[in-house]
$ cat target.cif   # mmCIF, C-alpha atoms
data_upload
#
loop_
_atom_site.label_atom_id
_atom_site.label_comp_id
_atom_site.auth_asym_id
_atom_site.auth_seq_id
_atom_site.Cartn_x
_atom_site.Cartn_y
_atom_site.Cartn_z
CA MET X 1 8.64 -14.29 7.11
CA ALA X 2 8.80 -16.94 4.41
CA LEU X 3 8.66 -15.81 0.80
CA ASN X 4 8.14 -19.06 -1.00
CA LYS X 5 4.74 -19.15 -2.71
CA SER X 6 3.22 -17.29 -5.61
CA VAL X 7 -0.36 -17.60 -4.32
CA ALA X 8 -2.07 -18.04 -1.00
CA VAL X 9 -3.35 -21.48 -0.05
CA VAL X 10 -6.64 -22.03 1.77
CA GLU X 11 -5.83 -24.06 4.84
CA ALA X 12 -8.17 -26.89 5.74
CA GLY X 13 -9.79 -26.31 9.09
CA GLY X 14 -12.91 -24.24 9.66
CA THR X 15 -14.90 -25.37 6.62
CA ALA X 16 -14.80 -27.97 3.86
CA GLU X 17 -17.24 -26.09 1.65
CA PRO X 18 -15.93 -23.97 -1.23
CA ILE X 19 -16.58 -20.24 -0.79
CA THR X 20 -16.89 -17.95 -3.80
CA LEU X 21 -16.19 -14.28 -3.24
CA ILE X 22 -14.96 -11.07 -4.78
CA GLY X 23 -11.73 -9.50 -3.58
CA ALA X 24 -11.32 -5.77 -4.15
CA ASP X 25 -8.51 -3.30 -3.56
CA VAL X 26 -9.79 0.29 -3.49
CA GLY X 27 -7.50 3.30 -3.29
CA GLY X 28 -7.86 6.97 -3.97
CA THR X 29 -7.21 6.61 -7.69
CA TYR X 30 -8.02 3.06 -8.77
CA ALA X 31 -10.15 0.11 -7.69
CA ARG X 32 -8.92 -3.36 -8.63
CA LEU X 33 -11.23 -6.36 -8.47
CA GLY X 34 -11.06 -10.10 -8.97
CA TRP X 35 -12.87 -13.14 -7.68
CA ALA X 36 -11.92 -16.61 -6.54
CA GLU X 37 -13.35 -19.85 -5.28
CA LEU X 38 -11.74 -20.68 -1.94
CA VAL X 39 -11.30 -24.43 -1.64
CA PRO X 40 -9.54 -25.91 1.44
CA GLY X 41 -6.03 -27.06 0.54
CA GLN X 42 -6.06 -25.36 -2.86
CA PRO X 43 -4.24 -22.23 -4.10
CA ILE X 44 -6.21 -19.04 -4.60
CA GLU X 45 -6.55 -18.25 -8.28
CA ILE X 46 -7.60 -14.66 -9.07
CA ARG X 47 -10.06 -14.63 -11.96
CA ASP X 48 -11.46 -11.85 -14.16
CA PHE X 49 -9.13 -9.18 -12.80
CA ARG X 50 -10.32 -5.66 -13.69
CA LYS X 51 -9.14 -2.15 -12.91
CA TYR X 52 -11.48 0.84 -12.50
CA ALA X 53 -10.70 4.57 -12.27
CA CYS X 54 -12.54 5.65 -9.13
CA ALA X 55 -13.28 9.15 -10.41
CA ASP X 56 -15.20 7.67 -13.36
CA HIS X 57 -17.82 6.08 -11.10
CA PRO X 58 -20.30 7.68 -8.68
CA SER X 59 -19.70 5.26 -5.79
CA LEU X 60 -17.99 2.12 -4.59
CA ALA X 61 -21.35 0.35 -4.95
CA ALA X 62 -21.48 1.30 -8.63
CA ILE X 63 -18.06 -0.28 -9.23
CA LEU X 64 -18.99 -3.46 -7.37
CA ARG X 65 -22.31 -3.70 -9.19
CA ASP X 66 -20.66 -3.20 -12.59
CA TYR X 67 -18.09 -5.87 -11.82
CA MET X 68 -20.69 -8.35 -10.57
CA GLN X 69 -22.76 -7.86 -13.72
CA SER X 70 -19.71 -8.62 -15.87
CA LEU X 71 -19.23 -12.08 -14.35
CA GLN X 72 -20.59 -15.26 -15.88
CA GLN X 73 -21.79 -16.55 -12.52
CA PRO X 74 -23.37 -14.88 -9.50
CA VAL X 75 -21.01 -13.90 -6.66
CA GLN X 76 -22.77 -12.38 -3.65
CA HIS X 77 -19.95 -11.94 -1.13
CA ALA X 78 -17.17 -9.35 -1.32
CA VAL X 79 -14.16 -8.47 0.82
CA VAL X 80 -13.00 -4.94 0.04
CA ALA X 81 -9.57 -3.72 1.08
CA ILE X 82 -9.92 0.05 1.24
CA ALA X 83 -7.87 2.97 2.48
CA GLY X 84 -9.26 4.51 5.65
CA LEU X 85 -10.69 3.77 9.06
CA LEU X 86 -14.28 2.76 9.86
CA ASP X 87 -16.21 4.95 12.29
CA GLY X 88 -19.38 2.98 12.84
CA ASP X 89 -20.95 2.60 9.39
CA LEU X 90 -18.89 5.33 7.72
CA LEU X 91 -15.36 5.14 6.35
CA LEU X 92 -13.00 7.95 7.34
CA ASN X 93 -10.73 8.71 4.39
CA THR X 94 -9.24 11.85 2.88
CA ASN X 95 -8.32 10.45 -0.54
CA LEU X 96 -11.37 8.62 -1.93
CA ALA X 97 -13.52 10.07 -4.70
CA TRP X 98 -16.74 9.53 -2.72
CA PRO X 99 -18.02 8.79 0.81
CA VAL X 100 -18.47 5.14 1.78
CA SER X 101 -21.27 3.75 3.96
CA LEU X 102 -20.91 0.04 4.67
CA ALA X 103 -24.66 -0.67 4.79
CA ALA X 104 -25.52 1.50 1.79
CA THR X 105 -22.72 0.02 -0.30
CA GLN X 106 -23.89 -3.52 0.38
CA ARG X 107 -27.50 -2.61 -0.42
CA ASP X 108 -26.78 -0.61 -3.57
CA ALA X 109 -24.32 -3.18 -4.94
CA GLY X 110 -26.79 -6.01 -4.39
CA LEU X 111 -24.46 -8.06 -2.21
CA GLU X 112 -25.54 -10.60 0.37
CA ARG X 113 -22.40 -9.95 2.44
CA LEU X 114 -19.80 -7.19 2.39
CA GLU X 115 -16.69 -6.84 4.54
CA LEU X 116 -14.31 -3.90 4.61
CA ILE X 117 -10.72 -4.26 5.76
CA ASN X 118 -7.88 -1.75 5.76
CA ASP X 119 -6.07 -1.74 2.42
CA PHE X 120 -2.67 -2.24 3.96
CA VAL X 121 -3.92 -5.05 6.16
CA ALA X 122 -4.64 -6.78 2.85
CA VAL X 123 -1.25 -5.88 1.37
CA ALA X 124 0.53 -7.21 4.46
CA GLN X 125 -1.67 -10.33 4.40
CA ALA X 126 -0.51 -11.04 0.86
CA MET X 127 3.21 -10.68 1.51
CA PRO X 128 4.01 -14.29 2.51
CA HIS X 129 2.45 -15.45 -0.75
CA VAL X 130 4.02 -13.26 -3.41
CA ASP X 131 6.20 -14.77 -6.10
CA ARG X 132 9.92 -14.30 -5.38
CA ASN X 133 10.32 -12.81 -8.86
CA THR X 134 8.22 -9.80 -7.82
CA LEU X 135 10.70 -8.86 -5.07
CA HIS X 136 13.63 -6.53 -5.78
CA ARG X 137 16.12 -5.96 -2.98
CA ILE X 138 17.01 -2.34 -2.21
CA CYS X 139 19.37 -3.04 0.68
CA GLY X 140 20.07 -5.41 3.56
CA HIS X 141 20.66 -9.15 3.62
CA ALA X 142 18.72 -11.12 1.01
CA ASP X 143 17.86 -14.16 3.10
CA ASP X 144 14.88 -16.20 1.93
CA ILE X 145 13.36 -16.19 5.41
CA SER X 146 13.25 -13.24 7.80
CA HIS X 147 11.87 -14.28 11.17
CA GLY X 148 9.96 -11.65 13.08
CA PRO X 149 7.70 -8.69 12.27
CA ALA X 150 7.63 -7.39 8.68
CA LEU X 151 6.89 -3.76 7.90
CA VAL X 152 4.85 -3.01 4.77
CA LEU X 153 4.52 0.55 3.53
CA GLY X 154 3.48 2.02 0.25
CA PRO X 155 3.28 5.54 -1.14
CA GLY X 156 0.39 5.98 -3.56
CA THR X 157 -2.50 8.44 -3.40
CA GLY X 158 -1.78 8.33 0.34
CA LEU X 159 0.77 6.46 2.46
CA GLY X 160 -0.24 3.02 3.72
CA VAL X 161 1.53 1.24 6.58
CA ALA X 162 0.92 -2.12 8.26
CA LEU X 163 2.87 -4.68 10.27
CA ARG X 164 2.82 -8.40 9.55
CA LEU X 165 3.38 -10.56 12.64
CA GLU X 166 4.91 -13.99 12.35
CA ALA X 167 2.44 -16.53 13.75
CA GLY X 168 0.48 -13.66 15.27
CA ASN X 169 -3.21 -13.52 16.10
CA PRO X 170 -4.19 -11.26 14.49
CA SER X 171 -1.52 -11.78 11.85
CA VAL X 172 -1.54 -8.14 10.73
CA LEU X 173 -1.65 -4.93 12.75
CA PRO X 174 -3.11 -1.99 10.82
CA SER X 175 -1.54 1.42 11.21
CA GLU X 176 -2.33 5.02 10.38
CA ALA X 177 1.34 6.01 10.44
CA GLY X 178 0.76 7.87 7.18
CA HIS X 179 -1.10 10.48 9.24
CA ALA X 180 1.55 10.75 11.97
CA ALA X 181 3.64 13.92 12.01
CA LEU X 182 6.40 14.16 9.41
CA ALA X 183 9.91 14.50 10.87
CA ALA X 184 12.69 16.52 9.22
CA ASN X 185 16.34 15.44 9.46
CA THR X 186 18.20 17.66 6.98
CA ALA X 187 18.36 21.39 6.35
CA LEU X 188 16.38 21.00 3.15
CA GLU X 189 13.68 18.97 4.88
CA ARG X 190 13.42 21.61 7.60
CA ASP X 191 13.01 24.29 4.94
CA VAL X 192 10.26 22.26 3.27
CA LEU X 193 8.46 21.76 6.58
CA GLN X 194 8.70 25.49 7.24
CA LEU X 195 6.95 26.22 3.94
CA LEU X 196 4.29 23.58 4.50
CA SER X 197 3.62 24.83 8.04
CA GLN X 198 2.46 28.11 6.54
CA ARG X 199 -0.35 26.23 4.78
CA TYR X 200 -1.27 23.33 7.06
CA GLU X 201 -1.82 23.01 10.79
CA HIS X 202 -0.79 19.35 10.77
CA ILE X 203 1.88 18.06 8.37
CA ASP X 204 1.64 14.29 8.24
CA ASN X 205 3.91 11.80 6.53
CA GLU X 206 1.76 11.44 3.45
CA ARG X 207 1.78 15.21 2.91
CA VAL X 208 5.20 14.57 1.33
CA LEU X 209 5.59 10.78 1.09
CA SER X 210 2.86 9.98 -1.44
CA GLY X 211 2.11 10.71 -5.09
CA PRO X 212 0.54 14.11 -4.36
CA GLY X 213 3.22 14.60 -1.70
CA LEU X 214 5.98 14.19 -4.26
CA MET X 215 4.45 17.03 -6.26
CA ALA X 216 4.09 19.15 -3.11
CA LEU X 217 7.76 18.52 -2.37
CA TYR X 218 8.68 19.56 -5.90
CA ALA X 219 6.60 22.74 -5.57
CA CYS X 220 8.38 23.60 -2.32
CA LEU X 221 11.79 23.12 -3.93
CA CYS X 222 10.72 25.36 -6.81
CA GLU X 223 9.78 28.05 -4.28
CA LEU X 224 13.02 27.62 -2.36
CA ARG X 225 15.09 27.81 -5.55
CA GLY X 226 13.10 30.66 -7.09
CA ALA X 227 12.01 28.55 -10.05
CA ALA X 228 8.65 28.13 -11.77
CA VAL X 229 6.68 24.92 -11.39
CA ARG X 230 6.86 23.07 -14.72
CA TRP X 231 5.59 19.56 -14.00
CA ARG X 232 2.09 18.68 -12.83
CA ASP X 233 2.09 14.94 -12.04
CA PRO X 234 4.58 12.33 -10.80
CA ALA X 235 5.01 10.65 -14.19
CA GLU X 236 6.02 13.96 -15.79
CA LEU X 237 8.34 14.76 -12.89
CA VAL X 238 10.10 11.40 -13.02
CA ALA X 239 10.52 11.60 -16.79
CA ALA X 240 11.93 15.12 -16.46
CA GLY X 241 14.37 14.06 -13.75
CA ARG X 242 15.64 11.22 -15.90
CA SER X 243 15.98 13.59 -18.86
CA GLY X 244 18.28 16.00 -17.03
CA ASP X 245 15.95 18.45 -15.23
CA LEU X 246 18.06 19.17 -12.15
CA LEU X 247 15.22 20.44 -9.95
CA ALA X 248 13.05 17.43 -10.79
CA ARG X 249 15.97 15.14 -10.01
CA GLU X 250 16.65 16.91 -6.70
CA SER X 251 12.99 16.54 -5.73
CA ILE X 252 13.01 12.82 -6.46
CA GLN X 253 16.25 12.28 -4.53
CA ALA X 254 14.83 14.23 -1.59
CA PHE X 255 11.70 12.09 -1.71
CA CYS X 256 13.65 8.81 -1.74
CA GLY X 257 15.88 9.96 1.10
CA TRP X 258 12.92 11.06 3.21
CA MET X 259 11.16 7.77 2.52
CA GLY X 260 14.27 5.88 3.60
CA SER X 261 14.41 7.87 6.82
CA LEU X 262 10.77 7.13 7.66
CA ALA X 263 11.15 3.44 6.76
CA GLY X 264 14.12 3.21 9.11
CA ASP X 265 12.22 4.97 11.89
CA LEU X 266 9.27 2.59 11.56
CA ALA X 267 11.53 -0.46 11.35
CA LEU X 268 13.12 0.56 14.64
CA THR X 269 9.76 1.41 16.22
CA PHE X 270 8.24 -1.99 15.43
CA GLY X 271 11.39 -4.11 15.56
CA ALA X 272 10.83 -5.13 11.95
CA ARG X 273 13.04 -7.84 10.51
CA ALA X 274 12.05 -7.09 6.90
CA VAL X 275 10.60 -4.11 5.04
CA TYR X 276 8.47 -4.18 1.89
CA LEU X 277 7.82 -1.13 -0.29
CA THR X 278 4.70 -1.32 -2.41
CA GLY X 279 2.40 1.15 -4.15
CA GLY X 280 2.36 3.02 -7.41
CA VAL X 281 4.97 5.61 -6.50
CA ALA X 282 7.48 2.93 -5.51
CA GLY X 283 6.98 1.42 -8.96
CA HIS X 284 7.47 4.74 -10.76
CA LEU X 285 10.66 5.40 -8.77
CA ALA X 286 12.11 1.91 -9.12
CA ALA X 287 15.51 3.03 -10.43
CA GLU X 288 15.83 5.93 -7.98
CA LEU X 289 14.95 3.82 -4.94
CA HIS X 290 17.85 1.54 -5.85
CA ASP X 291 20.48 4.26 -6.39
CA GLY X 292 21.68 4.38 -2.76
CA THR X 293 19.81 7.48 -1.51
CA PHE X 294 17.08 5.46 0.22
CA GLN X 295 19.62 3.01 1.65
CA LYS X 296 21.82 5.75 3.12
CA ARG X 297 18.95 7.34 5.03
CA PHE X 298 17.44 4.00 6.05
CA TRP X 299 20.73 3.07 7.70
CA SER X 300 21.41 6.50 9.18
CA LYS X 301 20.19 5.84 12.73
CA GLY X 302 23.23 6.49 14.86
CA ALA X 303 24.21 3.69 17.21
CA LEU X 304 21.48 1.42 15.81
CA SER X 305 22.64 1.68 12.20
CA PRO X 306 24.37 -1.75 12.32
CA ALA X 307 21.09 -3.40 13.30
CA LEU X 308 19.26 -1.90 10.33
CA ARG X 309 21.95 -3.08 7.96
CA GLN X 310 20.73 -6.61 8.72
CA VAL X 311 17.14 -5.80 7.71
CA PRO X 312 16.33 -6.57 4.06
CA VAL X 313 14.29 -3.94 2.24
CA TRP X 314 12.38 -5.15 -0.80
CA ARG X 315 10.52 -3.26 -3.50
CA VAL X 316 7.47 -5.30 -4.50
CA ASP X 317 6.31 -5.25 -8.11
CA HIS X 318 2.92 -7.00 -8.10
CA GLY X 319 -0.15 -5.50 -9.77
CA GLU X 320 -2.74 -7.66 -7.97
CA LEU X 321 -1.32 -7.51 -4.45
CA GLY X 322 -4.32 -5.92 -2.71
CA VAL X 323 -6.83 -8.25 -4.36
CA LEU X 324 -4.75 -11.29 -3.43
CA GLY X 325 -4.46 -9.96 0.12
CA ALA X 326 -8.21 -9.43 0.50
CA LEU X 327 -8.87 -13.00 -0.64
CA ALA X 328 -6.04 -14.36 1.52
CA TRP X 329 -7.40 -12.48 4.54
CA HIS X 330 -10.71 -14.30 4.21
CA ALA X 331 -9.03 -17.62 3.40
CA ASP X 332 -6.91 -17.43 6.55
CA ARG X 333 -10.04 -17.04 8.66
CA LEU X 334 -11.73 -19.97 6.96
CA GLY X 335 -8.68 -22.11 7.66
CA ALA X 336 -8.52 -21.03 11.28
CA GLY X 337 -12.22 -21.70 11.74
CA THR X 338 -12.68 -18.21 13.19
CA SER X 339 -15.35 -15.65 12.59
CA ASN X 340 -14.41 -12.56 10.61
CA ASN X 341 -13.38 -9.59 12.71
CA ALA X 342 -13.62 -6.96 10.00
CA ALA X 343 -16.59 -4.66 9.69
CA GLY X 344 -19.29 -6.50 7.80
CA VAL X 345 -22.99 -6.62 7.16
#

$ encode --input "target.cif" --output "structure tokens"
Amino acid sequence: MALNKSVAVVEAGGTAEPITLIGADVGGTYARLGWAELVPGQPIEIRDFRKYACADHPSLAAILRDYMQSLQQPVQHAVVAIAGLLDGDLLLNTNLAWPVSLAATQRDAGLERLELINDFVAVAQAMPHVDRNTLHRICGHADDISHGPALVLGPGTGLGVALRLEAGNPSVLPSEAGHAALAANTALERDVLQLLSQRYEHIDNERVLSGPGLMALYACLCELRGAAVRWRDPAELVAAGRSGDLLARESIQAFCGWMGSLAGDLALTFGARAVYLTGGVAGHLAAELHDGTFQKRFWSKGALSPALRQVPVWRVDHGELGVLGALAWHADRLGAGTSNNAAGV
């Protein structure tokens, strides 16, 4: 997959008319919004980027309405990249601050058209267009072009996963791998799973490999080591680990190793030729993800370890990735002259 542009370009094809729309990236903690005018043959320029704390607003419609009212010109079409899976009109999600109805959100926001796409479909859609300076290699060969499928995963409030297909139609396959069962590969991981199994019937990947999951992992290590829980959020835990707290440091190393193991499993499962780590937790753990713990477990796949050594793994540092991806998703469909296949009203 080529990594050679800082912004997406609207391909000429389906329409010659400029389209103005809002792109939004909505997760369990924050909603990020921007808008752009899509012009065939021109780069997408994100304008009036804003960030909202989801818990401070009563609904997604309220955020969209507030953003629309802040603009100097009317924009009546929005593409929202959002964590979850649509079941008819309702979004299935365990991490959002409020329920989401597609029809009610469009009506209450005052939009003429609203489309919802999976948040990691948007992130994967954006990947060919990110600036090279936002990519930081964790391991593997640092070729400019990796031909073949590209795996995108990101620990945040949950764990997002998607697969970008080179010249595919569709170009991105969504995934709910964050809700697949978590696999243990070390004695410590088996001990953690044993503790978690006393509380949960199903232990999925994001139960550990997410922001809340990092804190759950830390709490389990405290219980295993007979220590009191001291830190209450990932930022505190990371700061403590870097300041010499041995239990905090062990928790972070365990997290990075477990993430490396899952990334390697998914790369093998999908035949990925590149892996991209995104999300807030990956940003907080930038130094730790590069210290060799992730790499060791990513490569630790028995006879297939040599194959994974050829796969570059990049940490992506880009604060507007989901918004860019939502806009690029729509731009790609304009260029192809195809109708949108996301849920929309």

$ resolve_selection --input "target.cif" --expression "the PyMOL selection byres ((chain X and resi 117-131) around 9)" --output "ChimeraX atom specification"
/X:1-9,25-27,79-86,115-116,132-135,150-154,160-164,171-175,276,278,316,318,321-329,342-343

$ atom_distance --input "target.cif" --atom1 "CA of Asp245 in chain X" --atom2 "CA of Asn185 in chain X"
24.9 Å

$ closest_residue --input "target.cif" --among "X:Glu320, X:Cys139, X:Tyr218, X:Tyr200" --to "Arg297 in chain X" --atoms "only C-alpha atoms"
X:Cys139

$ atom_distance --input "target.cif" --atom1 "CA of Ala274 in chain X" --atom2 "CA of Ala142 in chain X"
9.8 Å

$ residues_around --input "target.cif" --residues "Ala307 in chain X" --least-positions-apart "5" --cutoff "12 Å" --atoms "all atoms listed in the file" --output "list in words"
Gly140, His141, Gly264, Ala267, Leu268, Gly271, Ala272, Arg273, Ala274, Phe298, Trp299, Ser300, Lys301, Gly302 and Pro312 of chain X

$ atom_distance --input "target.cif" --atom1 "CA of Arg47 in chain X" --atom2 "CA of Arg107 in chain X"
24.1 Å

$ closest_residue --input "target.cif" --among "X:Pro43, X:Pro155, X:Gly88, X:Gly226" --to "Gly283 in chain X" --atoms "only C-alpha atoms"
X:Pro155

$ closest_residue --input "target.cif" --among "X:Pro18, X:Gly23, X:Pro234, X:Pro58" --to "Gln42 in chain X" --atoms "all atoms listed in the file"
X:Pro18

$ closest_residue --input "target.cif" --among "X:Asn205, X:Gln76, X:Thr293, X:Thr29" --to "Ala55 in chain X" --atoms "all atoms listed in the file"
X:Thr29

$ resolve_selection --input "target.cif" --expression "the PyMOL selection byres ((chain X and resi 93-100) around 6)" --output "list in words"
Gly28, Ala55, Gly84, Leu90, Leu91, Leu92 and Ser101 of chain X

$ resolve_selection --input "target.cif" --expression "the PyMOL selection byres ((chain X and resi 62) around 12)" --output "PyMOL selection string"
chain X and resi 31+52-61+63-69+98+100+104-111
